[in-house]
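Pasted below: input-v5.cif, mmCIF, C-alpha atoms.
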```cif
data_my_file
#
loop_
_atom_site.label_atom_id
_atom_site.label_comp_id
_atom_site.auth_asym_id
_atom_site.auth_seq_id
_atom_site.Cartn_x
_atom_site.Cartn_y
_atom_site.Cartn_z
CA MET A 1 119.71 -6.05 -18.00
CA GLU A 2 117.51 -3.37 -16.46
CA LYS A 3 116.37 -2.38 -19.88
CA THR A 4 115.27 -5.96 -20.57
CA GLU A 5 113.12 -6.01 -17.38
CA ILE A 6 111.34 -2.81 -18.32
CA THR A 7 110.61 -4.17 -21.74
CA ALA A 8 109.21 -7.38 -20.26
CA SER A 9 106.81 -5.55 -17.91
CA GLN A 10 105.74 -3.28 -20.71
CA THR A 11 104.84 -6.21 -22.88
CA THR A 12 102.96 -8.02 -20.09
CA GLN A 13 100.49 -5.20 -19.45
CA PRO A 14 99.25 -4.79 -23.01
CA ALA A 15 98.96 -8.57 -23.28
CA ALA A 16 96.71 -8.69 -20.20
CA ALA A 17 94.69 -5.76 -21.48
CA ALA A 18 94.33 -7.44 -24.85
CA THR A 19 93.02 -10.63 -23.21
CA THR A 20 90.46 -8.65 -21.20
CA ARG A 21 89.49 -6.73 -24.30
CA THR A 22 89.11 -9.96 -26.28
CA SER A 23 86.87 -11.61 -23.70
CA MET A 24 84.83 -8.42 -23.31
CA ALA A 25 84.53 -8.19 -27.10
CA ILE A 26 82.66 -11.50 -26.97
CA VAL A 27 80.77 -11.11 -23.68
CA ALA A 28 79.50 -7.53 -24.22
CA PRO A 29 77.70 -8.03 -27.56
CA ALA A 30 76.42 -11.48 -26.52
CA LEU A 31 75.00 -10.13 -23.25
CA GLY A 32 73.75 -7.03 -25.04
CA TRP A 33 71.85 -9.22 -27.47
CA LEU A 34 70.37 -11.34 -24.68
CA ILE A 35 69.40 -8.39 -22.47
CA PRO A 36 69.08 -5.10 -24.40
CA GLY A 37 71.51 -2.50 -23.01
CA ALA A 38 73.38 -4.96 -20.77
CA GLY A 39 76.41 -4.91 -23.08
CA HIS A 40 76.83 -1.23 -22.27
CA ILE A 41 76.05 -1.60 -18.58
CA ILE A 42 78.80 -4.21 -17.93
CA GLN A 43 81.27 -1.80 -19.50
CA GLY A 44 80.22 0.97 -17.12
CA ARG A 45 78.06 2.91 -19.58
CA TRP A 46 75.06 2.95 -17.24
CA ILE A 47 73.04 5.77 -18.72
CA ARG A 48 73.47 4.58 -22.31
CA GLY A 49 72.68 1.01 -21.27
CA LEU A 50 69.54 1.97 -19.38
CA LEU A 51 68.33 4.21 -22.20
CA LEU A 52 68.86 1.38 -24.69
CA MET A 53 67.12 -1.08 -22.38
CA ILE A 54 64.11 1.22 -21.93
CA SER A 55 63.85 2.15 -25.63
CA ILE A 56 64.21 -1.35 -27.06
CA GLY A 57 62.15 -2.90 -24.28
CA ALA A 58 59.38 -0.32 -24.72
CA LEU A 59 59.21 -0.84 -28.49
CA PHE A 60 58.98 -4.60 -28.01
CA ALA A 61 56.41 -4.34 -25.19
CA LEU A 62 54.27 -1.85 -27.13
CA GLY A 63 54.41 -4.14 -30.15
CA ILE A 64 53.11 -7.03 -28.05
CA ALA A 65 50.47 -4.78 -26.43
CA MET A 66 49.29 -3.72 -29.89
CA ASP A 67 48.68 -7.40 -30.73
CA GLY A 68 51.63 -7.51 -33.11
CA LYS A 69 52.70 -10.70 -34.79
CA VAL A 70 55.77 -12.52 -33.47
CA TYR A 71 57.43 -14.48 -36.26
CA LYS A 72 58.54 -18.03 -35.67
CA ALA A 73 61.39 -19.82 -37.46
CA ASN A 74 60.10 -20.61 -40.93
CA THR A 75 61.13 -21.45 -44.46
CA GLY A 76 58.08 -19.96 -46.14
CA ASP A 77 57.58 -16.47 -47.54
CA LEU A 78 60.74 -14.30 -47.80
CA LEU A 79 59.10 -11.51 -45.78
CA ASP A 80 58.25 -13.99 -43.02
CA ILE A 81 61.86 -15.16 -42.93
CA LEU A 82 63.09 -11.55 -42.73
CA GLY A 83 60.51 -10.86 -40.02
CA PHE A 84 61.91 -13.74 -38.01
CA VAL A 85 65.47 -12.47 -38.49
CA GLY A 86 64.38 -9.06 -37.18
CA ASP A 87 62.47 -10.54 -34.23
CA ILE A 88 65.31 -12.81 -33.12
CA GLY A 89 67.51 -9.71 -32.82
CA ALA A 90 65.57 -8.84 -29.67
CA GLY A 91 67.35 -11.79 -27.99
CA GLY A 92 66.00 -12.48 -24.53
CA LEU A 93 62.79 -10.59 -25.20
CA TYR A 94 62.09 -12.85 -28.19
CA ILE A 95 62.87 -15.99 -26.18
CA LEU A 96 60.56 -14.73 -23.41
CA SER A 97 57.78 -14.04 -25.89
CA GLN A 98 58.06 -17.61 -27.19
CA LEU A 99 58.09 -19.11 -23.71
CA LEU A 100 55.09 -17.09 -22.55
CA ASP A 101 53.30 -17.32 -25.88
CA TRP A 102 53.10 -13.55 -26.39
CA GLY A 103 52.03 -11.96 -29.65
CA ARG A 104 49.73 -13.17 -32.39
CA SER A 105 50.41 -15.57 -35.20
CA ALA A 106 48.37 -13.47 -37.64
CA ILE A 107 47.69 -9.74 -38.00
CA ALA A 108 44.03 -8.98 -37.33
CA PHE A 109 43.81 -5.18 -37.76
CA ALA A 110 45.80 -2.06 -38.75
CA VAL A 111 47.21 -1.21 -35.32
CA ALA A 112 48.44 -4.80 -34.97
CA ASP A 113 50.45 -4.27 -38.14
CA TYR A 114 52.18 -1.34 -36.43
CA GLY A 115 52.78 -3.64 -33.47
CA THR A 116 54.44 -6.19 -35.74
CA LYS A 117 56.78 -3.51 -37.08
CA PHE A 118 57.56 -2.32 -33.56
CA ILE A 119 58.66 -5.84 -32.60
CA VAL A 120 60.80 -6.34 -35.74
CA VAL A 121 62.45 -2.92 -35.37
CA SER A 122 63.16 -3.46 -31.67
CA GLY A 123 65.11 -6.56 -32.70
CA LEU A 124 67.04 -4.68 -35.38
CA LEU A 125 67.82 -1.83 -32.99
CA ASN A 126 69.05 -4.35 -30.43
CA ILE A 127 71.51 -5.70 -33.00
CA MET A 128 72.76 -2.13 -33.52
CA ALA A 129 73.15 -1.77 -29.74
CA ALA A 130 75.06 -5.07 -29.51
CA VAL A 131 77.42 -3.95 -32.30
CA ASP A 132 77.91 -0.66 -30.44
CA ALA A 133 78.79 -2.59 -27.26
CA TYR A 134 81.37 -4.50 -29.30
CA GLN A 135 82.86 -1.25 -30.65
CA ILE A 136 83.26 0.01 -27.08
CA ALA A 137 84.83 -3.31 -26.00
CA ILE A 138 87.51 -3.19 -28.69
CA GLY A 139 88.23 0.46 -27.93
CA ARG A 140 86.99 1.89 -31.19
CA LYS A 141 84.41 3.96 -29.32
CA LYS A 142 84.50 5.59 -25.86
CA MET B 1 40.78 -11.72 -23.63
CA MET B 2 42.95 -8.62 -23.19
CA LEU B 3 42.19 -5.59 -25.32
CA ALA B 4 44.97 -4.54 -27.67
CA LEU B 5 46.57 -1.14 -27.14
CA GLN B 6 44.92 1.27 -29.57
CA LEU B 7 47.26 4.00 -30.75
CA SER B 8 46.39 6.39 -33.54
CA HIS B 9 48.54 6.34 -36.69
CA PHE B 10 50.15 9.57 -35.55
CA GLY B 11 50.66 8.37 -31.99
CA ALA B 12 52.24 5.11 -33.13
CA ALA B 13 54.58 6.90 -35.56
CA VAL B 14 55.70 9.47 -32.96
CA THR B 15 56.27 6.76 -30.34
CA PHE B 16 58.31 4.77 -32.86
CA ALA B 17 60.32 7.87 -33.84
CA PHE B 18 61.01 8.73 -30.20
CA PHE B 19 62.47 5.36 -29.19
CA ALA B 20 64.27 4.71 -32.48
CA SER B 21 65.92 8.16 -32.28
CA ILE B 22 67.29 7.42 -28.80
CA VAL B 23 68.94 4.22 -30.06
CA PHE B 24 70.25 5.94 -33.21
CA GLY B 25 71.70 8.77 -31.14
CA ILE B 26 73.52 6.45 -28.73
CA THR B 27 74.85 4.00 -31.30
CA GLN B 28 75.80 6.32 -34.15
CA ARG B 29 77.76 9.06 -32.36
CA ASN B 30 80.74 9.18 -30.02
CA THR B 31 80.33 12.03 -27.56
CA GLN B 32 77.37 12.72 -25.31
CA ARG B 33 76.72 16.08 -26.91
CA GLU B 34 76.76 14.59 -30.41
CA MET B 35 74.47 11.77 -29.29
CA VAL B 36 71.81 14.17 -28.00
CA ARG B 37 72.14 16.34 -31.08
CA TYR B 38 71.88 13.41 -33.50
CA GLY B 39 68.99 11.88 -31.56
CA LEU B 40 67.03 15.12 -31.76
CA GLN B 41 67.94 15.49 -35.43
CA CYS B 42 66.69 11.96 -36.18
CA PHE B 43 63.45 12.60 -34.31
CA GLY B 44 62.91 15.80 -36.27
CA TRP B 45 63.52 14.04 -39.58
CA PHE B 46 61.18 11.21 -38.62
CA VAL B 47 58.36 13.62 -37.76
CA LEU B 48 58.99 15.78 -40.83
CA GLY B 49 59.05 12.67 -43.03
CA MET B 50 55.78 11.57 -41.48
CA PHE B 51 54.05 14.83 -42.41
CA VAL B 52 55.52 14.77 -45.93
CA ALA B 53 54.42 11.14 -46.44
CA GLY B 54 50.99 11.97 -45.01
CA TRP B 55 50.45 14.89 -47.40
CA MET B 56 51.79 12.83 -50.33
CA MET B 57 49.24 10.13 -49.61
CA TRP B 58 46.50 12.74 -49.31
CA LEU B 59 47.50 14.23 -52.67
CA LEU B 60 47.61 10.82 -54.34
CA HIS B 61 44.20 9.98 -52.91
CA HIS B 62 42.52 13.19 -54.14
#
```
Taking this structure as input, can you express it in the form of structure tokens?
Amino acid sequence: MEKTEITASQTTQPAAAATTRTSMAIVAPALGWLIPGAGHIIQGRWIRGLLLMISIGALFALGIAMDGKVYKANTGDLLDILGFVGDIGAGGLYILSQLLDWGRSAIAFAVADYGTKFIVVSGLLNIMAAVDAYQIAIGRKK
Amino acid sequence: MMLALQLSHFGAAVTFAFFASIVFGITQRNTQREMVRYGLQCFGWFVLGMFVAGWMMWLLHH
């Protein structure tokens, strides 16, 4: 009888942990995508989260400051579509740029081309950060 | 109209390498020590690659 009780409590704890892990596995990458680094911060990885936030945010901000192009949803040229896919990876920063009408619709000079790449890469790096937050949530990474 | 930030080619590439290396370091390694090491390694490779690409372009041009 006693043995049965121990077994029941042992099975309850992992079940609760699994539920928490499952919800965190959805919340952390989603929040990390929306706000760069936030997926790490809600899991207690403050330094990593802040460093990701600063790095991704700085790349995006510098891209905008360099008059980089922000791609909009399109069905035109393949490179434009890929540019949009990269940009949307920046999540909240991309949404903010659309709301506040940041960035150019066309590249005017060489430095602006760098800016465009900065914006696209910040989005791609944010996707990497969101995936990393997911890996932490499922316990595959510390 | 606001003036666009004017970085040199070198400045833009180093800035890019710096921030990208931080993200690579954090996301691609597990321990803090490995993260710092890999981040520095990535930055070094970025800068080295930049010089190699620069000299290659110079050689192709001349």
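Taking all atoms listed in the file into account, the polymer residues that have an atom no farther than 12 Å from (62.6, 10.5, -40.3) are Ala13, Val14, Phe16, Ala17, Phe18, Ala20, Ser21, Phe24, Tyr38, Gly39, Leu40, Gln41, Cys42, Phe43, Gly44, Trp45, Phe46, Val47, Leu48, Gly49, Met50, Phe51, Val52 and Ala53 of chain B.
The residues of chain B lying at most 8 Å from chain A, with all atoms listed in the file taken into account, are B:Ala4, B:Leu5, B:Gln6, B:Leu7, B:Ser8, B:His9, B:Ala12, B:Phe16, B:Phe19, B:Ala20, B:Ile22, B:Val23, B:Ile26, B:Thr27, B:Asn30, B:Thr31.
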Expansion of the PyMOL selection byres ((chain A and resi 84) around 10) into residues, as an MDAnalysis selection string = chainID A and resid 70:74 78:83 85:89 94 120 123
Keeping C-alpha atoms for every residue in the selection just given, could you write it to a file as a short mmCIF file (atom, residue, chain, number, x, y, z; two decimals), in the coordinates of the input?
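The result, written out as result17.cif:
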```cif
data_model
loop_
_atom_site.label_atom_id
_atom_site.label_comp_id
_atom_site.auth_asym_id
_atom_site.auth_seq_id
_atom_site.Cartn_x
_atom_site.Cartn_y
_atom_site.Cartn_z
CA VAL A 70 55.77 -12.52 -33.47
CA TYR A 71 57.43 -14.48 -36.26
CA LYS A 72 58.54 -18.03 -35.67
CA ALA A 73 61.39 -19.82 -37.46
CA ASN A 74 60.10 -20.61 -40.93
CA LEU A 78 60.74 -14.30 -47.80
CA LEU A 79 59.10 -11.51 -45.78
CA ASP A 80 58.25 -13.99 -43.02
CA ILE A 81 61.86 -15.16 -42.93
CA LEU A 82 63.09 -11.55 -42.73
CA GLY A 83 60.51 -10.86 -40.02
CA VAL A 85 65.47 -12.47 -38.49
CA GLY A 86 64.38 -9.06 -37.18
CA ASP A 87 62.47 -10.54 -34.23
CA ILE A 88 65.31 -12.81 -33.12
CA GLY A 89 67.51 -9.71 -32.82
CA TYR A 94 62.09 -12.85 -28.19
CA VAL A 120 60.80 -6.34 -35.74
CA GLY A 123 65.11 -6.56 -32.70
#
```
note = Between CA of Ile35 (chain A) and CA of Gly92 (chain A) lies a distance of 5.7 Å
request  = Determine the nearest neighbour of Gln43 (chain A) from the options A:Ser97, A:Met24, A:Ala61, A:Ile119, counting only C-alpha atoms.
outcome  =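 Closest candidate: A:Met24.
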Between CA of Asp77 (chain A) and CA of Thr15 (chain B) - distance in Å to one decimal =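 Pair CA of Thr15 (chain B) / CA of Asp77 (chain A) returns 28.9 Å.
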ask   = How many Å lie between CA of Gly25 (chain B) and CA of Ile127 (chain A), rounded to one decimal?
value =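 Distance reported for this atom pair: 14.6 Å.
Every residue within 8 Å of the file position (70.3, -11.7, -25.8), judged by all atoms listed in the file, is given as Ala30, Leu31, Gly32, Trp33, Leu34, Ile35, Pro36, Gly89, Ala90, Gly91, Gly92 and Leu93 of chain A.
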task = Have a look at B:Val36, B:His62, B:Gly54, B:Arg29 and name the one nearest to Phe10 (chain B); count only C-alpha atoms.
result =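 Of the candidates, the smallest distance to Phe10 (chain B) is held by B:Gly54.
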